[in-house]
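Chemist: Supplied structure: run-v7.cif, mmCIF, C-alpha atoms (C1' of nucleotides).
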data_data
#
loop_
_atom_site.label_atom_id
_atom_site.label_comp_id
_atom_site.auth_asym_id
_atom_site.auth_seq_id
_atom_site.Cartn_x
_atom_site.Cartn_y
_atom_site.Cartn_z
CA MET I 3 -18.28 -7.62 10.68
CA ALA I 4 -14.85 -6.20 10.11
CA LYS I 5 -15.22 -3.41 7.60
CA THR I 6 -13.16 -0.56 8.87
CA ASN I 7 -10.48 0.26 6.47
CA ALA I 8 -10.22 2.15 3.27
CA ALA I 9 -6.71 3.45 3.14
CA PHE I 10 -3.90 4.32 5.53
CA MET I 11 -3.50 0.69 6.56
CA SER I 12 -0.21 -0.37 5.01
CA GLY I 13 2.13 -1.68 7.67
CA VAL I 14 -0.47 -1.15 10.34
CA PRO I 15 -1.40 -4.77 11.07
CA GLU I 16 2.25 -5.66 11.55
CA LEU I 17 2.83 -2.71 13.87
CA LEU I 18 -0.24 -3.35 15.99
CA ILE I 19 0.39 -7.06 16.31
CA LEU I 20 4.01 -6.60 17.32
CA ARG I 21 3.03 -3.94 19.80
CA LEU I 22 0.29 -5.95 21.46
CA LEU I 23 2.37 -9.11 21.61
CA SER I 24 5.27 -7.17 23.09
CA ARG I 25 3.14 -6.67 26.16
CA GLU I 26 1.91 -10.20 26.53
CA GLU I 27 1.74 -13.29 24.40
CA MET I 28 -1.60 -13.89 22.76
CA TYR I 29 -3.23 -16.19 20.25
CA GLY I 30 -4.68 -15.11 16.94
CA TYR I 31 -8.33 -15.02 17.74
CA GLN I 32 -7.57 -13.08 20.90
CA LEU I 33 -5.52 -10.57 18.93
CA VAL I 34 -8.41 -9.88 16.60
CA ARG I 35 -10.58 -8.85 19.52
CA ALA I 36 -7.77 -6.99 21.28
CA ILE I 37 -7.11 -4.81 18.25
CA ARG I 38 -10.73 -3.82 18.04
CA ILE I 39 -11.04 -3.10 21.75
CA VAL I 40 -7.70 -1.43 22.47
CA SER I 41 -7.98 0.80 19.41
CA GLY I 42 -11.27 2.06 20.79
CA GLU I 43 -13.28 0.46 18.00
CA ALA I 44 -11.37 2.57 15.48
CA LEU I 45 -9.78 -0.48 13.89
CA ASP I 46 -11.13 -3.91 13.15
CA LEU I 47 -8.88 -6.41 11.45
CA ALA I 48 -10.48 -9.56 10.10
CA GLU I 49 -9.02 -12.94 10.94
CA GLY I 50 -8.08 -13.27 7.32
CA VAL I 51 -5.74 -10.35 7.86
CA VAL I 52 -4.32 -11.30 11.23
CA TYR I 53 -3.44 -14.95 10.65
CA PRO I 54 -1.35 -14.43 7.52
CA VAL I 55 0.55 -11.64 9.26
CA LEU I 56 1.25 -13.88 12.23
CA HIS I 57 2.59 -16.58 9.93
CA SER I 58 4.73 -14.10 8.08
CA LEU I 59 6.15 -12.63 11.28
CA GLU I 60 6.91 -16.07 12.62
CA GLN I 61 8.63 -17.11 9.42
CA ARG I 62 10.78 -14.00 9.55
CA GLY I 63 11.80 -14.80 13.10
CA LEU I 64 10.03 -11.87 14.69
CA LEU I 65 7.57 -14.05 16.58
CA LYS I 66 7.82 -17.41 18.24
CA ALA I 67 4.81 -19.73 18.32
CA LYS I 68 3.88 -22.03 21.16
CA GLU I 69 0.96 -24.41 20.95
CA LYS I 70 -1.17 -24.83 24.02
CA VAL I 71 -4.28 -26.81 24.77
CA PHE I 72 -6.92 -24.88 26.64
CA ASP I 73 -10.22 -26.45 27.62
CA GLY I 74 -9.77 -29.14 25.01
CA ARG I 75 -9.28 -26.38 22.47
CA ASN I 76 -6.12 -25.68 20.53
CA ARG I 77 -4.51 -22.29 20.78
CA ILE I 78 -1.30 -21.01 19.25
CA TYR I 79 0.30 -18.36 21.39
CA TYR I 80 2.78 -15.94 19.88
CA ALA I 81 5.57 -14.10 21.66
CA VAL I 82 7.88 -11.42 20.30
CA THR I 83 11.53 -12.36 19.83
CA ALA I 84 14.49 -10.03 20.32
CA LYS I 85 14.58 -9.52 16.59
CA GLY I 86 10.88 -8.74 16.73
CA ARG I 87 11.42 -6.05 19.33
CA LYS I 88 14.02 -4.42 17.18
CA ARG I 89 11.62 -4.46 14.26
CA LEU I 90 8.88 -3.01 16.45
CA GLN I 91 11.19 -0.15 17.38
CA GLU I 92 11.94 0.56 13.73
CA LEU I 93 8.30 0.42 12.73
CA THR I 94 7.34 2.70 15.60
CA ASN I 95 9.95 5.23 14.53
CA ASP I 96 8.75 5.10 10.93
CA TRP I 97 5.20 5.53 12.07
CA GLN I 98 6.03 8.53 14.25
CA ARG I 99 7.90 10.21 11.44
CA ILE I 100 5.22 9.69 8.85
CA GLN I 101 2.40 10.55 11.20
CA GLN I 102 4.20 13.78 12.10
CA GLY I 103 4.84 14.60 8.46
CA ILE I 104 1.19 14.17 7.60
CA SER I 105 0.15 16.27 10.57
CA ASN I 106 2.45 19.01 9.35
CA VAL I 107 0.71 19.07 6.02
CA LEU I 108 -2.83 18.74 7.32
CA GLY I 109 -2.28 21.18 10.13
CA GLU I 110 -1.33 24.07 7.88
CA HIS I 111 -4.15 26.54 8.17
CA HIS I 112 -5.85 27.31 4.91
CA GLY I 113 -4.29 30.27 3.13
CA MET B 23 16.84 11.13 -3.89
CA ALA B 24 13.38 10.23 -2.76
CA LYS B 25 13.66 7.18 -0.55
CA THR B 26 11.63 7.89 2.51
CA ASN B 27 8.95 5.36 2.87
CA ALA B 28 8.73 1.84 4.07
CA ALA B 29 5.17 1.35 5.15
CA PHE B 30 2.28 3.41 6.38
CA MET B 31 1.92 5.15 3.04
CA SER B 32 -1.29 3.76 1.60
CA GLY B 33 -3.69 6.57 0.79
CA VAL B 34 -1.17 9.15 1.92
CA PRO B 35 -0.18 10.61 -1.46
CA GLU B 36 -3.81 11.20 -2.32
CA LEU B 37 -4.51 12.85 1.01
CA LEU B 38 -1.47 15.12 0.89
CA ILE B 39 -2.04 16.16 -2.69
CA LEU B 40 -5.69 17.00 -2.13
CA ARG B 41 -4.82 18.92 0.99
CA LEU B 42 -2.07 20.99 -0.57
CA LEU B 43 -4.08 21.73 -3.69
CA SER B 44 -7.06 22.75 -1.56
CA ARG B 45 -4.98 25.69 -0.41
CA GLU B 46 -3.69 26.80 -3.77
CA GLU B 47 -3.42 25.34 -7.22
CA MET B 48 -0.04 23.91 -8.04
CA TYR B 49 1.69 21.93 -10.76
CA GLY B 50 3.18 18.48 -10.32
CA TYR B 51 6.82 19.32 -9.98
CA GLN B 52 5.95 21.99 -7.47
CA LEU B 53 3.89 19.53 -5.46
CA VAL B 54 6.81 17.15 -5.18
CA ARG B 55 8.88 19.85 -3.53
CA ALA B 56 6.00 21.15 -1.42
CA ILE B 57 5.36 17.74 0.08
CA ARG B 58 8.97 17.43 1.11
CA ILE B 59 9.18 20.90 2.57
CA VAL B 60 5.79 21.22 4.25
CA SER B 61 6.11 17.78 5.83
CA GLY B 62 9.33 18.96 7.42
CA GLU B 63 11.45 16.57 5.34
CA ALA B 64 9.54 13.67 6.84
CA LEU B 65 8.05 12.67 3.51
CA ASP B 66 9.49 12.65 0.04
CA LEU B 67 7.34 11.42 -2.81
CA ALA B 68 9.02 10.75 -6.13
CA GLU B 69 7.61 12.24 -9.31
CA GLY B 70 6.74 8.72 -10.37
CA VAL B 71 4.33 8.62 -7.47
CA VAL B 72 2.86 12.09 -7.75
CA TYR B 73 2.07 12.26 -11.45
CA PRO B 74 0.03 9.07 -11.64
CA VAL B 75 -1.97 10.18 -8.59
CA LEU B 76 -2.68 13.53 -10.23
CA HIS B 77 -3.91 11.82 -13.37
CA SER B 78 -6.08 9.47 -11.37
CA LEU B 79 -7.58 12.28 -9.32
CA GLU B 80 -8.30 14.29 -12.43
CA GLN B 81 -9.93 11.34 -14.14
CA ARG B 82 -12.15 10.79 -11.13
CA GLY B 83 -13.22 14.43 -11.22
CA LEU B 84 -11.53 15.42 -7.97
CA LEU B 85 -9.08 17.75 -9.67
CA LYS B 86 -9.29 20.05 -12.62
CA ALA B 87 -6.24 20.64 -14.80
CA LYS B 88 -5.30 23.89 -16.47
CA GLU B 89 -2.32 24.21 -18.77
CA LYS B 90 -0.21 27.34 -18.51
CA VAL B 91 2.92 28.52 -20.21
CA PHE B 92 5.48 30.02 -17.89
CA ASP B 93 8.82 31.31 -19.09
CA GLY B 94 8.48 29.32 -22.29
CA ARG B 95 7.95 26.25 -20.12
CA ASN B 96 4.81 24.18 -19.91
CA ARG B 97 3.11 23.72 -16.60
CA ILE B 98 -0.09 21.91 -15.73
CA TYR B 99 -1.80 23.42 -12.76
CA TYR B 100 -4.30 21.43 -10.74
CA ALA B 101 -7.15 22.76 -8.64
CA VAL B 102 -9.50 20.84 -6.35
CA THR B 103 -13.11 20.53 -7.45
CA ALA B 104 -16.14 20.49 -5.14
CA LYS B 105 -16.16 16.73 -5.40
CA GLY B 106 -12.49 16.76 -4.50
CA ARG B 107 -13.13 18.76 -1.37
CA LYS B 108 -15.72 16.28 -0.27
CA ARG B 109 -13.28 13.45 -0.84
CA LEU B 110 -10.62 15.36 1.10
CA GLN B 111 -12.98 15.64 4.02
CA GLU B 112 -13.67 11.92 3.96
CA LEU B 113 -10.02 11.02 3.72
CA THR B 114 -9.15 13.38 6.54
CA ASN B 115 -11.78 11.77 8.74
CA ASP B 116 -10.50 8.30 7.92
CA TRP B 117 -6.99 9.38 8.67
CA GLN B 118 -7.95 10.91 12.00
CA ARG B 119 -9.79 7.79 13.05
CA ILE B 120 -7.02 5.40 12.08
CA GLN B 121 -4.30 7.59 13.49
CA GLN B 122 -6.17 7.77 16.77
CA GLY B 123 -6.73 4.02 16.83
CA ILE B 124 -3.05 3.36 16.33
CA SER B 125 -2.12 5.88 19.01
CA ASN B 126 -4.43 4.09 21.39
CA VAL B 127 -2.61 0.84 20.83
CA LEU B 128 0.90 2.26 20.86
CA GLY B 129 0.24 4.50 23.80
CA GLU B 130 -0.77 1.72 26.14
CA HIS B 131 1.94 1.56 28.75
CA HIS B 132 3.69 -1.76 28.89
CA GLY B 133 2.05 -4.10 31.37
"C1'" DT R 14 -30.94 -31.08 15.86
"C1'" DG R 15 -29.50 -26.56 15.05
"C1'" DT R 16 -27.02 -22.44 15.95
"C1'" DC R 17 -23.56 -19.64 17.93
"C1'" DT R 18 -18.94 -18.82 19.44
"C1'" DT R 19 -14.38 -20.09 19.50
"C1'" DA R 20 -10.23 -21.06 16.90
"C1'" DC R 21 -7.72 -22.12 13.21
"C1'" DC R 22 -6.66 -21.72 8.05
"C1'" DT R 23 -5.84 -20.23 2.77
"C1'" DA R 24 -6.48 -18.71 -2.11
"C1'" DT R 25 -7.59 -15.00 -4.77
"C1'" DA R 26 -8.54 -10.32 -5.73
"C1'" DA R 27 -7.75 -5.60 -5.40
"C1'" DC R 28 -5.15 -1.79 -4.64
"C1'" DT R 29 -1.42 1.37 -4.97
"C1'" DA R 30 3.19 3.01 -3.84
"C1'" DA R 31 7.90 2.47 -5.39
"C1'" DT R 32 11.16 1.81 -8.91
"C1'" DA R 33 13.33 2.85 -12.87
"C1'" DG R 34 13.36 4.36 -16.49
"C1'" DG R 35 12.35 8.11 -20.65
"C1'" DT R 36 11.56 12.93 -23.19
"C1'" DA R 37 12.46 17.83 -23.63
"C1'" DT R 38 13.69 22.84 -22.52
"C1'" DG R 39 16.46 26.54 -20.42
"C1'" DG R 40 20.43 28.36 -17.86
"C1'" DG R 41 25.13 28.49 -16.52
"C1'" DC R 42 29.90 27.38 -17.27
"C1'" DC R 43 34.24 26.54 -19.76
"C1'" DG Y 22 29.71 24.75 -29.20
"C1'" DG Y 23 29.60 21.22 -25.64
"C1'" DC Y 24 28.43 19.88 -21.13
"C1'" DC Y 25 25.75 19.46 -17.08
"C1'" DC Y 26 22.12 20.53 -13.96
"C1'" DA Y 27 17.50 21.85 -12.88
"C1'" DT Y 28 12.97 22.11 -14.45
"C1'" DA Y 29 8.84 19.72 -15.99
"C1'" DC Y 30 6.42 16.29 -17.83
"C1'" DC Y 31 5.46 11.15 -18.51
"C1'" DT Y 32 4.65 5.66 -18.09
"C1'" DA Y 33 5.40 0.57 -17.63
"C1'" DT Y 34 6.49 -2.72 -14.49
"C1'" DT Y 35 7.30 -4.56 -9.96
"C1'" DA Y 36 6.52 -5.24 -5.28
"C1'" DG Y 37 4.13 -5.58 -1.30
"C1'" DT Y 38 -0.04 -5.82 1.37
"C1'" DT Y 39 -4.54 -5.57 2.90
"C1'" DA Y 40 -9.23 -7.16 2.08
"C1'" DT Y 41 -12.41 -10.55 0.73
"C1'" DA Y 42 -14.52 -14.65 0.94
"C1'" DG Y 43 -14.54 -18.45 1.72
"C1'" DG Y 44 -13.56 -23.37 4.53
"C1'" DT Y 45 -12.73 -26.75 8.74
"C1'" DA Y 46 -13.74 -28.23 13.35
"C1'" DA Y 47 -14.97 -28.43 18.38
"C1'" DG Y 48 -17.63 -27.00 22.32
"C1'" DA Y 49 -21.76 -24.67 24.48
"C1'" DC Y 50 -26.43 -24.26 24.73
"C1'" DA Y 51 -31.32 -24.73 23.91
#
Before anything else, please render the file you have as structure tokens.
Modeler:
Amino acid sequence: MAKTNAAFMSGVPELLILRLLSREEMYGYQLVRAIRIVSGEALDLAEGVVYPVLHSLEQRGLLKAKEKVFDGRNRIYYAVTAKGRKRLQELTNDWQRIQQGISNVLGEHHG
Amino acid sequence: MAKTNAAFMSGVPELLILRLLSREEMYGYQLVRAIRIVSGEALDLAEGVVYPVLHSLEQRGLLKAKEKVFDGRNRIYYAVTAKGRKRLQELTNDWQRIQQGISNVLGEHHG
DNA sequence: TGTCTTACCTATAACTAATAGGTATGGGCC
DNA sequence: GGCCCATACCTATTAGTTATAGGTAAGACA
């Protein structure tokens, strides 16, 4: 039931995941729900999107994984590394710039 | 000298081009400069990005091309069709929703 | 037993922006 | 004339990701 996105999504999963994990460590399945809820139902990333991004971020040293057993169930918690925080800052800056640029174009009143 | 973008650009060229052309018809080379200027230097799309998008939009019936000779030089002006305006509206809505969703996530104060 | 939710995973497809070229004309400069 | 820059168009290839569509397995609950 994740069928939100047409365009405008490049880089977004990475940004959102880094941002949410920078506040508190979470596991993948939890992230999927958090993105939907915190975005105000505007965004809904499928697990098939979130897990590969988590693996990629971990491999690049931006996240650190920690396996925990909860209620007999396996969970893999992810926390942002120092390198990850730097990356988050960069991505946030890029986002702000691009978002502003698009607003500038859209905001122009019709002539 | 167009080297702006890292991420967050999917769907953006199409949106910007439709929006700018909805105000007045323009030709490709002019669009390239307009995007840079109107966005406040935040965005800079290379010709290699803009021309293929124009062709795609025309093929899909969202733009209509009109060749004009100016100063002995050939220019191809593009205007938005009715179908194109509808598409622009949809894209704008998508953009607003996604942009809002991302703001919601980013804006959360650290806990 | 059967179904739902939780929790993880991956392979493939689909999309599209970015790169890196290329062609051709006109104007200005020496 | 020869040179360079700006204008104005173009395309093939690469790169990078998201989206799709699956699959596995355990626990809860009826």
Chemist: Starting from the PyMOL selection byres ((chain R) within 9 of (chain I)), expand the selection into actual residues of this file and give them as number ranges by chain.
Modeler: R: 19-23
Chemist: What would the selection look like, as a list in words, if the PyMOL selection byres ((chain Y and resi 31) around 8) were run on the coordinates I just shared?
Modeler: Tyr73 of chain B; DG35 and DT36 of chain R; DC30 and DT32 of chain Y
Chemist: Write a file of the just-selected residues containing C-alpha atoms (C1' of nucleotides), as a tab-separated table (two decimals), in the frame of the given file.
Modeler:
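Written out: result26.tsv:
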chain	number	residue	atom	x	y	z
B	73	TYR	CA	2.07	12.26	-11.45
R	35	DG	C1'	12.35	8.11	-20.65
R	36	DT	C1'	11.56	12.93	-23.19
Y	30	DC	C1'	6.42	16.29	-17.83
Y	32	DT	C1'	4.65	5.66	-18.09
Chemist: Calculate how many Å separate atom CA of Ala81 of chain I from atom CA of Lys66 of chain I, rounding to one decimal.
Modeler: 5.3 Å
Chemist: Can you translate the PyMOL selection byres ((chain B) within 7 of (chain I)) into the concrete residues it hits in this file, as a ChimeraX atom specification?
Modeler: /B:29-34,38,41,45,60-62,64-65,117,119-120,123-124,126-128,132-133
Chemist: Tell me, in Å to one decimal, how far atom C1' of DT35 of chain Y is from atom CA of Gly83 of chain B.
Modeler: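 Between these atoms lies a distance of 28.0 Å.
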Chemist: For chain Y, which residues have at least one atom within 12 Å of chain I, if we go by only C-alpha atoms (C1' of nucleotides)? Write them as a VMD selection string, please.
Modeler: chain Y and resid 37 to 44 46 to 48
